[in-house]
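J.: Coordinates in my_file-v4.csv, CSV, C-alpha atoms, are listed below.
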```csv
chain,number,residue,atom,x,y,z
A,10,MET,CA,61.8,112.2,191.5
A,11,GLY,CA,62.7,108.5,191.8
A,12,THR,CA,65.6,106.2,192.5
A,13,LEU,CA,65.3,104.1,189.5
A,14,SER,CA,68.2,105.0,187.3
A,15,LEU,CA,66.4,104.0,184.2
A,16,PRO,CA,64.7,106.8,182.2
A,17,VAL,CA,61.0,106.9,181.6
A,18,ARG,CA,59.0,108.8,179.0
A,19,LEU,CA,55.6,109.7,180.3
A,20,ALA,CA,52.9,111.4,178.2
A,21,LEU,CA,49.7,112.8,179.8
A,22,PRO,CA,47.8,115.9,178.7
A,23,GLU,CA,47.9,118.7,181.2
A,24,GLU,CA,44.3,119.5,180.6
A,25,ALA,CA,41.2,117.5,179.7
A,26,GLN,CA,37.5,118.1,179.4
A,27,ALA,CA,35.2,116.7,182.0
A,28,GLY,CA,34.0,113.3,180.9
A,29,SER,CA,36.5,112.9,178.1
A,30,VAL,CA,38.8,109.9,177.8
A,31,VAL,CA,42.4,110.6,178.6
A,32,SER,CA,45.3,108.4,177.7
A,33,LEU,CA,48.4,108.0,179.6
A,34,ARG,CA,51.4,106.6,177.7
A,35,LEU,CA,54.5,105.3,179.2
A,36,LEU,CA,57.9,104.1,177.9
A,37,LEU,CA,60.3,102.6,180.4
A,38,GLN,CA,63.9,101.7,179.9
A,39,HIS,CA,64.4,98.3,181.5
A,40,PRO,CA,66.2,95.1,180.4
A,41,MET,CA,63.3,92.8,181.4
A,42,GLU,CA,65.7,90.0,181.6
A,43,THR,CA,63.7,86.8,182.0
A,44,GLY,CA,66.2,84.8,184.0
A,45,TYR,CA,66.0,82.0,181.5
A,46,ARG,CA,68.5,83.2,179.0
A,47,ILE,CA,72.1,81.9,178.8
A,48,GLY,CA,74.8,84.5,178.4
A,49,GLU,CA,77.9,84.3,176.3
A,50,ASP,CA,79.9,82.8,179.2
A,51,GLY,CA,77.4,79.9,179.4
A,52,ALA,CA,75.9,81.0,182.7
A,53,ARG,CA,72.3,81.9,183.2
A,54,ILE,CA,71.6,85.6,183.1
A,55,PRO,CA,69.9,86.5,186.4
A,56,ARG,CA,66.3,87.7,186.3
A,57,HIS,CA,65.9,91.4,186.3
A,58,ILE,CA,62.3,92.6,185.6
A,59,LEU,CA,59.8,95.2,186.5
A,60,THR,CA,57.4,93.7,188.9
A,61,THR,CA,54.8,96.4,189.8
A,62,LEU,CA,53.2,99.3,188.0
A,63,ARG,CA,50.6,101.4,189.8
A,64,VAL,CA,48.7,104.4,188.6
A,65,SER,CA,46.5,106.5,190.9
A,66,TYR,CA,44.3,109.4,189.9
A,67,GLY,CA,43.0,111.6,192.7
A,68,ASN,CA,42.5,109.2,195.5
A,69,ARG,CA,41.6,106.2,193.3
A,70,MET,CA,43.9,103.5,192.1
A,71,ILE,CA,43.2,103.2,188.3
A,72,ALA,CA,45.8,100.5,187.5
A,73,ASN,CA,47.6,98.0,189.6
A,74,LEU,CA,49.6,95.6,187.4
A,75,THR,CA,51.9,92.8,188.2
A,76,LEU,CA,54.4,92.5,185.4
A,77,ARG,CA,55.8,89.2,184.2
A,78,PRO,CA,59.0,88.0,182.5
A,79,ALA,CA,57.4,87.5,179.2
A,80,ILE,CA,57.3,91.3,178.5
A,81,ALA,CA,60.0,92.6,176.0
A,82,ALA,CA,62.7,95.0,177.1
A,83,ASN,CA,61.9,98.7,177.4
A,84,PRO,CA,58.2,98.2,177.7
A,85,TYR,CA,55.6,100.6,176.3
A,86,LEU,CA,52.3,100.8,178.1
A,87,ALA,CA,49.2,102.8,177.5
A,88,LEU,CA,46.1,103.2,179.5
A,89,SER,CA,42.9,105.2,179.2
A,90,PHE,CA,40.6,106.6,181.8
A,91,ILE,CA,37.8,109.2,182.1
A,92,ALA,CA,38.7,112.6,183.4
A,93,ASP,CA,36.2,113.6,186.0
A,94,GLN,CA,38.0,115.8,188.5
A,95,THR,CA,41.2,117.9,188.7
A,96,GLY,CA,43.8,115.8,190.5
A,97,LEU,CA,47.2,114.3,190.7
A,98,VAL,CA,48.1,111.4,188.5
A,99,THR,CA,50.8,109.3,190.2
A,100,LEU,CA,52.8,106.6,188.6
A,101,GLU,CA,54.7,104.1,190.7
A,102,VAL,CA,57.0,101.4,189.3
A,103,GLU,CA,59.1,98.9,191.0
A,104,ASP,CA,61.5,96.2,189.9
A,105,ASP,CA,62.8,93.0,191.5
A,106,ARG,CA,66.1,94.7,192.6
A,107,GLY,CA,64.5,97.4,194.7
A,108,ALA,CA,64.6,100.2,192.1
A,109,LYS,CA,61.6,102.4,192.4
A,110,LEU,CA,60.2,105.2,190.3
A,111,MET,CA,57.6,107.7,191.2
A,112,GLU,CA,56.3,110.4,188.9
A,113,THR,CA,53.4,112.8,189.6
A,114,ARG,CA,51.5,115.0,187.2
A,115,LEU,CA,48.6,117.4,187.6
A,116,LEU,CA,45.6,116.8,185.4
A,117,THR,CA,43.4,119.8,185.2
A,118,VAL,CA,39.8,119.1,184.3
A,119,VAL,CA,37.8,121.8,182.6
A,120,PRO,CA,34.0,121.8,182.2
B,5,MET,CA,90.3,79.5,151.4
B,6,HIS,CA,87.0,77.9,150.2
B,7,PRO,CA,84.8,77.5,153.2
B,8,ARG,CA,81.8,75.2,152.7
B,9,ARG,CA,78.4,76.8,152.8
B,10,SER,CA,76.0,75.5,155.3
B,11,PRO,CA,73.2,73.6,153.6
B,12,LYS,CA,70.6,75.0,156.0
B,13,TRP,CA,71.8,78.5,155.1
B,14,CYS,CA,71.4,77.8,151.4
B,15,LEU,CA,67.9,76.5,151.9
B,16,THR,CA,66.8,79.7,153.6
B,17,LEU,CA,68.4,81.9,150.9
B,18,CYS,CA,67.2,79.8,148.0
B,19,LEU,CA,63.7,79.5,149.2
B,20,THR,CA,63.3,83.2,149.4
B,21,LEU,CA,65.3,84.4,146.4
B,22,GLY,CA,62.2,85.1,144.5
B,23,VAL,CA,61.3,87.9,146.8
B,24,GLY,CA,64.9,89.2,146.6
B,25,LEU,CA,64.9,89.5,142.8
B,26,SER,CA,61.6,91.4,142.7
B,27,LEU,CA,63.1,94.1,144.9
B,28,SER,CA,66.5,94.4,143.4
B,29,ALA,CA,65.8,97.2,141.0
B,30,GLY,CA,65.9,100.9,141.8
B,31,ALA,CA,67.8,103.5,143.8
B,32,ALA,CA,69.5,102.9,147.1
B,33,GLN,CA,67.0,102.7,150.0
B,34,SER,CA,67.1,103.1,153.7
B,35,GLY,CA,66.5,100.0,155.8
B,36,LEU,CA,63.2,101.7,156.6
B,37,ALA,CA,61.8,100.6,153.2
B,38,TYR,CA,62.3,96.9,154.2
B,39,LEU,CA,60.3,97.2,157.4
B,40,GLY,CA,56.8,96.0,158.0
B,41,GLU,CA,54.1,98.7,158.6
B,42,GLU,CA,54.1,98.1,162.4
B,43,LEU,CA,57.8,98.9,162.8
B,44,LYS,CA,57.6,101.8,160.4
B,45,ALA,CA,54.9,103.3,162.6
B,46,LEU,CA,56.9,102.6,165.7
B,47,GLN,CA,60.0,104.4,164.3
B,48,ALA,CA,57.8,107.4,163.3
B,49,ASP,CA,56.1,107.6,166.7
B,50,PRO,CA,57.5,110.7,168.4
B,51,PHE,CA,56.7,109.2,171.8
B,52,ALA,CA,56.9,105.4,171.6
B,53,ASN,CA,60.1,104.9,169.5
B,54,PRO,CA,62.2,103.2,172.1
B,55,GLY,CA,65.4,104.9,170.8
B,56,LEU,CA,64.0,108.1,172.1
B,57,LEU,CA,64.9,106.9,175.6
B,58,TRP,CA,68.5,107.3,174.6
B,59,VAL,CA,67.9,110.7,173.0
B,60,ASP,CA,66.5,111.9,176.3
B,61,ARG,CA,69.4,110.5,178.3
B,62,GLY,CA,71.9,111.9,175.8
B,63,ALA,CA,70.2,115.3,176.1
B,64,ALA,CA,70.7,115.2,179.9
B,65,LEU,CA,74.3,114.1,179.6
B,66,TRP,CA,75.0,116.8,177.1
B,67,GLN,CA,73.9,119.4,179.7
B,68,ALA,CA,75.6,117.8,182.7
B,69,SER,CA,79.1,118.6,183.9
B,70,PRO,CA,80.8,115.2,184.4
B,71,ALA,CA,82.8,116.4,187.5
B,72,PRO,CA,83.1,119.6,189.5
B,73,GLU,CA,84.7,122.5,187.5
B,74,VAL,CA,84.6,120.5,184.3
B,75,PRO,CA,82.6,122.1,181.5
B,76,ALA,CA,79.6,120.2,180.1
B,77,CYS,CA,79.5,119.5,176.3
B,78,ALA,CA,76.8,122.3,176.2
B,79,SER,CA,79.2,124.8,177.8
B,80,CYS,CA,81.5,124.7,174.8
B,81,HIS,CA,79.2,123.6,172.0
B,82,GLY,CA,75.8,125.2,172.8
B,83,ALA,CA,72.9,123.1,171.5
B,84,PRO,CA,73.5,119.6,170.1
B,85,GLU,CA,72.1,120.8,166.8
B,86,SER,CA,75.2,123.1,166.4
B,87,LEU,CA,77.0,119.9,165.3
B,88,ARG,CA,74.3,118.7,162.9
B,89,GLU,CA,76.2,119.7,159.7
B,90,VAL,CA,79.2,117.5,160.8
B,91,ILE,CA,77.3,114.3,161.5
B,92,PRO,CA,76.5,113.3,157.8
B,93,THR,CA,80.2,113.8,156.9
B,94,LEU,CA,81.4,111.2,159.5
B,95,PRO,CA,83.6,109.2,159.5
B,96,ARG,CA,86.0,111.7,158.0
B,97,TRP,CA,89.8,112.0,157.5
B,98,ASN,CA,91.8,113.9,160.1
B,99,ALA,CA,94.8,115.4,158.3
B,100,ALA,CA,96.6,116.2,161.6
B,101,THR,CA,96.4,112.6,163.0
B,102,GLN,CA,96.3,110.9,159.6
B,103,ARG,CA,93.4,108.8,160.8
B,104,LEU,CA,89.7,108.3,160.2
B,105,GLU,CA,87.4,109.5,163.0
B,106,ASN,CA,83.8,108.7,163.5
B,107,LEU,CA,81.2,110.2,165.9
B,108,GLU,CA,81.9,107.9,168.8
B,109,GLY,CA,85.6,108.6,168.4
B,110,LEU,CA,85.1,112.4,168.4
B,111,ILE,CA,82.9,112.3,171.5
B,112,ARG,CA,85.5,110.2,173.3
B,113,GLN,CA,88.2,112.6,172.2
B,114,CYS,CA,86.4,115.5,173.7
B,115,GLN,CA,85.8,113.6,176.9
B,116,SER,CA,89.5,112.8,177.3
B,117,GLU,CA,91.2,115.9,175.9
B,118,ARG,CA,88.7,118.7,176.7
B,119,GLN,CA,87.0,117.3,179.8
B,120,HIS,CA,90.0,115.4,181.1
B,121,GLN,CA,87.8,112.4,181.9
B,122,PRO,CA,88.1,108.8,181.1
B,123,PRO,CA,86.3,108.4,177.8
B,124,ALA,CA,83.0,106.5,177.9
B,125,PRO,CA,83.6,102.9,176.9
B,126,PHE,CA,82.4,101.7,173.5
B,127,GLU,CA,78.8,100.6,173.5
B,128,SER,CA,78.3,102.0,177.0
B,129,GLU,CA,74.9,103.5,177.7
B,130,ALA,CA,76.5,107.0,178.0
B,131,LEU,CA,78.3,106.8,174.7
B,132,LEU,CA,75.3,105.4,172.9
B,133,ALA,CA,73.1,108.2,174.4
B,134,LEU,CA,75.4,111.0,173.4
B,135,THR,CA,75.9,109.5,169.9
B,136,THR,CA,72.1,109.1,169.5
B,137,ARG,CA,71.3,112.6,170.7
B,138,LEU,CA,73.8,114.2,168.3
B,139,ALA,CA,72.8,112.1,165.3
B,140,HIS,CA,69.1,112.7,166.1
B,141,GLY,CA,69.8,116.4,165.8
B,142,ALA,CA,70.9,115.8,162.2
B,143,ARG,CA,68.0,113.7,161.1
B,144,GLY,CA,66.7,114.6,157.7
B,145,LEU,CA,70.1,115.6,156.4
B,146,PRO,CA,71.5,113.4,153.6
B,147,LEU,CA,74.6,111.3,154.2
B,148,SER,CA,77.5,113.0,152.5
B,149,ALA,CA,79.5,111.5,149.6
B,150,ALA,CA,82.5,113.7,150.3
B,151,VAL,CA,85.8,112.0,150.9
B,152,ALA,CA,89.1,113.8,151.3
B,153,PRO,CA,91.7,112.9,148.7
B,154,GLU,CA,94.0,111.5,151.4
B,155,ALA,CA,91.2,109.1,152.5
B,156,ALA,CA,90.9,107.6,149.0
B,157,PRO,CA,93.0,104.5,149.9
B,158,ALA,CA,90.9,104.0,153.1
B,159,LEU,CA,87.7,104.2,151.1
B,160,ALA,CA,89.1,101.6,148.6
B,161,ARG,CA,90.0,99.3,151.5
B,162,GLY,CA,86.5,99.8,153.0
B,163,GLU,CA,84.9,98.8,149.7
B,164,ALA,CA,87.2,95.8,149.4
B,165,PHE,CA,86.2,94.7,152.9
B,166,PHE,CA,82.5,95.0,151.8
B,167,ARG,CA,83.1,92.7,148.8
B,168,GLU,CA,85.4,90.2,150.4
B,169,ARG,CA,83.9,86.7,151.2
B,170,ARG,CA,84.5,85.8,154.8
B,171,GLY,CA,83.7,83.5,157.6
B,172,GLN,CA,82.8,79.8,157.6
B,173,LEU,CA,79.9,80.6,155.3
B,174,GLY,CA,82.1,82.4,152.8
B,175,LEU,CA,79.7,85.3,152.3
B,176,SER,CA,80.6,89.0,151.7
B,177,CYS,CA,78.6,91.9,152.9
B,178,ALA,CA,77.7,92.5,149.3
B,179,ASP,CA,76.4,89.0,148.9
B,180,CYS,CA,73.7,89.6,151.5
B,181,HIS,CA,73.1,93.4,151.2
B,182,GLU,CA,73.2,93.6,147.4
B,183,ARG,CA,72.6,90.2,145.9
B,184,TYR,CA,70.1,88.9,148.4
B,185,LYS,CA,68.5,92.2,149.5
B,186,GLY,CA,64.8,91.7,150.1
B,187,ALA,CA,65.3,88.0,150.9
B,188,ARG,CA,64.3,86.6,154.2
B,189,LEU,CA,66.7,85.3,156.7
B,190,ARG,CA,65.4,83.8,160.0
B,191,GLY,CA,62.6,86.3,160.1
B,192,ASP,CA,64.7,89.2,159.1
B,193,ARG,CA,64.2,90.8,155.7
B,194,ILE,CA,67.7,91.6,154.4
B,195,SER,CA,68.1,95.3,153.6
B,196,GLU,CA,70.8,97.2,151.7
B,197,GLY,CA,73.0,97.5,154.8
B,198,MET,CA,72.7,101.3,155.1
B,199,ILE,CA,74.0,103.2,158.1
B,200,ASN,CA,71.6,106.2,158.0
B,201,GLY,CA,69.6,105.1,161.0
B,202,PHE,CA,72.3,104.5,163.6
B,203,PRO,CA,72.4,104.1,166.5
B,204,ILE,CA,69.4,101.8,165.9
B,205,TYR,CA,66.9,100.3,168.3
B,206,ARG,CA,67.0,96.7,167.2
B,207,LEU,CA,64.3,94.3,168.5
B,208,THR,CA,66.7,91.3,168.1
B,209,TRP,CA,69.0,93.0,170.6
B,210,GLN,CA,66.2,94.4,172.8
B,211,THR,CA,68.3,97.5,173.0
B,212,LEU,CA,70.0,100.2,171.0
B,213,GLY,CA,73.3,99.6,169.2
B,214,SER,CA,76.0,101.3,167.2
B,215,ARG,CA,77.2,100.8,163.6
B,216,HIS,CA,80.1,98.8,164.8
B,217,ARG,CA,77.9,96.6,166.9
B,218,MET,CA,76.0,95.9,163.7
B,219,PHE,CA,79.2,95.1,161.7
B,220,ARG,CA,80.2,92.7,164.5
B,221,TRP,CA,76.8,91.0,164.4
B,222,CYS,CA,76.9,90.7,160.6
B,223,ASN,CA,80.5,89.2,160.8
B,224,GLU,CA,79.3,86.7,163.4
B,225,ALA,CA,76.3,85.8,161.3
B,226,VAL,CA,78.7,84.3,158.7
B,227,ARG,CA,80.9,82.9,161.6
B,228,ALA,CA,83.7,85.3,161.0
B,229,GLU,CA,85.8,86.8,163.8
B,230,PRO,CA,84.5,90.3,164.5
B,231,TYR,CA,86.8,93.2,165.0
B,232,PRO,CA,86.8,95.3,168.2
B,233,PHE,CA,84.7,98.5,168.4
B,234,GLY,CA,86.5,101.4,166.8
B,235,ALA,CA,88.9,99.2,164.9
B,236,GLY,CA,90.6,100.5,161.7
B,237,PRO,CA,88.9,98.1,159.3
B,238,TYR,CA,85.5,99.0,160.7
B,239,LEU,CA,86.2,102.8,160.4
B,240,GLU,CA,87.1,102.2,156.7
B,241,LEU,CA,84.0,100.1,156.2
B,242,GLU,CA,81.9,102.8,157.8
B,243,LEU,CA,83.5,105.4,155.5
B,244,PHE,CA,82.6,103.3,152.5
B,245,LEU,CA,79.0,102.8,153.7
B,246,ARG,CA,78.6,106.5,154.3
B,247,HIS,CA,79.8,107.2,150.7
B,248,ARG,CA,77.7,104.4,149.3
B,249,GLY,CA,74.6,105.5,151.1
B,250,ALA,CA,75.1,109.2,150.1
B,251,VAL,CA,71.9,111.2,149.8
B,252,ILE,CA,69.8,108.9,152.0
B,253,PRO,CA,68.6,111.0,154.9
B,254,LEU,CA,69.6,110.3,158.5
B,255,GLU,CA,66.8,108.9,160.6
B,256,THR,CA,68.3,108.3,164.0
B,257,PRO,CA,67.1,106.6,166.1
B,258,ALA,CA,65.8,104.0,163.6
B,259,VAL,CA,63.9,101.0,164.7
B,260,ARG,CA,64.9,97.7,163.1
B,261,ARG,CA,63.9,94.1,163.6
```
Go ahead and express the file in the form of structure tokens.
T.:
Amino acid sequence: MGTLSLPVRLALPEEAQAGSVVSLRLLLQHPMETGYRIGEDGARIPRHILTTLRVSYGNRMIANLTLRPAIAANPYLALSFIADQTGLVTLEVEDDRGAKLMETRLLTVVP
Amino acid sequence: MHPRRSPKWCLTLCLTLGVGLSLSAGAAQSGLAYLGEELKALQADPFANPGLLWVDRGAALWQASPAPEVPACASCHGAPESLREVIPTLPRWNAATQRLENLEGLIRQCQSERQHQPPAPFESEALLALTTRLAHGARGLPLSAAVAPEAAPALARGEAFFRERRGQLGLSCADCHERYKGARLRGDRISEGMINGFPIYRLTWQTLGSRHRMFRWCNEAVRAEPYPFGAGPYLELELFLRHRGAVIPLETPAVRR
């Protein structure tokens, strides 16, 4: 699901042992245009960046990032957390032009 | 015409020539061999190689019907891998049209003649994605040296283009990619100018680009007028580079600096 037309690659194991460290990896296609560059026509290329990235696990927010223009295009992000309960992992991303992306995966925790 | 060389340019090349010479010996190598460890690892990463975003998108486009009642690529061709044997032989000579055709051209031809749609513009996200998905399906296969006898003049013209000095800096492709291979140029390490990784994800571009985009960039680097995408001289150059790089395996999507 999601209205952002830009593809995303999301890697998260489907299953993890209770207490183990799980890593979520994310590759987003986005120009991350800083707004400072000058185009071939001599005009400034308007800013177009991802602004927000949130990850929740169960009913907890495990990441809430504000992204800045200094990030390269098509950013790769990885984050780790401890698997302690079976639950939904939800990723939400927004950019400064109103595009949104929401992806949800189930993480099953086994003893 | 004897264009002057820029002194700054000479300085960069001269300073780094030592490195160039030490690398000159040996068999033809993919641009991969000229990358630092970090970029080698990024290219090899089956998740984080950014070019895979285009592989994913290309896979979706391959399956999708572009308009109601219009067959998808997959409806006629099956899996993208069904074309893998063809990829290393492109560009190739088409005896019927008496022209060279490359992968982008063949995709656009199917879009207009078999799907009756406007062909995706050169360097559009859609054309890059389809090209990348198809070439990705052929990775590991060696570039072919085969050239139809009718294409021999085109091959010779492609080689002549490669060896001709051009631009305000008066440098040929061969000057940089044979003579100065291994040298450093504004942070880049000059490789042998191989085409086995295309489309490539180039950090300098912050995006993915085709072989012809690279040719245009290299023409502009010596301040020469670039040709349009799909132009005859670029197809001949591409044919020559395929022949010259024969036996190097395809590695699409390659990551380059």
J.: When you count all atoms listed in the file, which of these residues is closest to chain B: A:Ser65, A:Ser29, A:Asn73, A:Asn83?
T.: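 Comparing A:Ser65, A:Ser29, A:Asn73, A:Asn83 against chain B, the winner is A:Asn83.
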J.: May I ask for the distance between CA of Arg34 in chain A and CA of Leu19 in chain A, given in Å to one decimal place?
T.: 5.8 Å
J.: Have a look at CA of Phe233 in chain B and CA of Gln210 in chain B and let me know their distance in Å, one decimal.
T.: 19.5 Å
J.: With chain A as the partner and 9 Å as the cut-off, tabulate the residues of chain B that qualify, each row holding the nearest pair of atoms and their distance in Å to one decimal, using all atoms listed in the file, sorted by chain and rising number, as JSON lines.
T.:
```
{"residue": "B:Phe51", "atom": "CA", "partner": "A:Arg18", "partner_atom": "CA", "distance": 7.6}
{"residue": "B:Ala52", "atom": "CA", "partner": "A:Leu36", "partner_atom": "CA", "distance": 6.5}
{"residue": "B:Asn53", "atom": "CA", "partner": "A:Leu36", "partner_atom": "CA", "distance": 8.7}
{"residue": "B:Pro54", "atom": "CA", "partner": "A:Asn83", "partner_atom": "CA", "distance": 7.0}
{"residue": "B:Leu56", "atom": "CA", "partner": "A:Arg18", "partner_atom": "CA", "distance": 8.5}
{"residue": "B:Leu57", "atom": "CA", "partner": "A:Pro16", "partner_atom": "CA", "distance": 6.6}
{"residue": "B:Trp58", "atom": "CA", "partner": "A:Pro16", "partner_atom": "CA", "distance": 8.5}
{"residue": "B:Asp60", "atom": "CA", "partner": "A:Pro16", "partner_atom": "CA", "distance": 8.0}
{"residue": "B:Arg61", "atom": "CA", "partner": "A:Pro16", "partner_atom": "CA", "distance": 7.1}
{"residue": "B:Leu207", "atom": "CA", "partner": "A:Ala82", "partner_atom": "CA", "distance": 8.8}
{"residue": "B:Gln210", "atom": "CA", "partner": "A:Ala82", "partner_atom": "CA", "distance": 5.6}
{"residue": "B:Thr211", "atom": "CA", "partner": "A:Ala82", "partner_atom": "CA", "distance": 7.4}
```
J.: Which residues are near Gln94 in chain A? Cut-off 9 Å, only C-alpha atoms, ignore same chain within fewer than 6 positions. Put them as a ChimeraX atom specification.
T.: /A:27-28,67,116-119
J.: Please compute the CA of Thr75 in chain A-CA of Ile91 in chain A distance, one decimal, in Å.
T.: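 That distance, rounded to one decimal, is 22.5 Å.
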J.: Pick out the closest residue to Glu196 in chain B from this set: B:Leu39, B:Gln33, B:His81, B:Gln47. Count all atoms listed in the file.
T.: B:Gln33
J.: Identify, on the basis of only C-alpha atoms, every residue whose closest approach to Ser195 in chain B does not exceed 10 Å; exclude the query and any residue fewer than 4 positions from it along the same chain; express the result as a list in words.
T.: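 Selected residues are Gly24, Gln33, Ser34, Gly35, Leu36, Ala37, Tyr38, Leu39, Cys180, His181, Glu182, Tyr184, Lys185, Gly186, Ala187 and Arg188 of chain B.
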J.: Tell me, as number ranges by chain, which residues lie within 12 Å of Ala228 in chain B, counting only C-alpha atoms; anything in the same chain fewer than 5 positions away does not count.
T.: B: 7, 168-177, 219-223
J.: Have a look at A:Thr95, A:Asp50, A:Leu100, A:Lys109 and name the one nearest to Gln26 in chain A; count all atoms listed in the file.
T.: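 For Gln26 in chain A, the nearest of the candidates is A:Thr95.
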J.: Which residues come within 10 Å of His247 in chain B, counting all atoms listed in the file, excluding same-chain residues fewer than 2 positions away, as a ChimeraX atom specification?
T.: /B:92-95,147-151,159,163,241-245,249-251
J.: Output as JSON the centre and edge lengths (Å, one decimal) of the box along x, y and z of the file that holds every listed atom of range 177-183 of chain B after adding 5 Å on each side.
T.:
```
{"center_x": 75.6, "center_y": 91.3, "center_z": 149.4, "size_x": 16.0, "size_y": 14.6, "size_z": 17.0}
```
J.: Ranking A:Val98, A:His57, A:Pro120, A:Ile71 by minimum distance to Pro22 in chain A and counting all atoms listed in the file, which one comes first?
T.: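 Once distances to Pro22 in chain A are computed over all atoms listed in the file, the minimum belongs to A:Val98.
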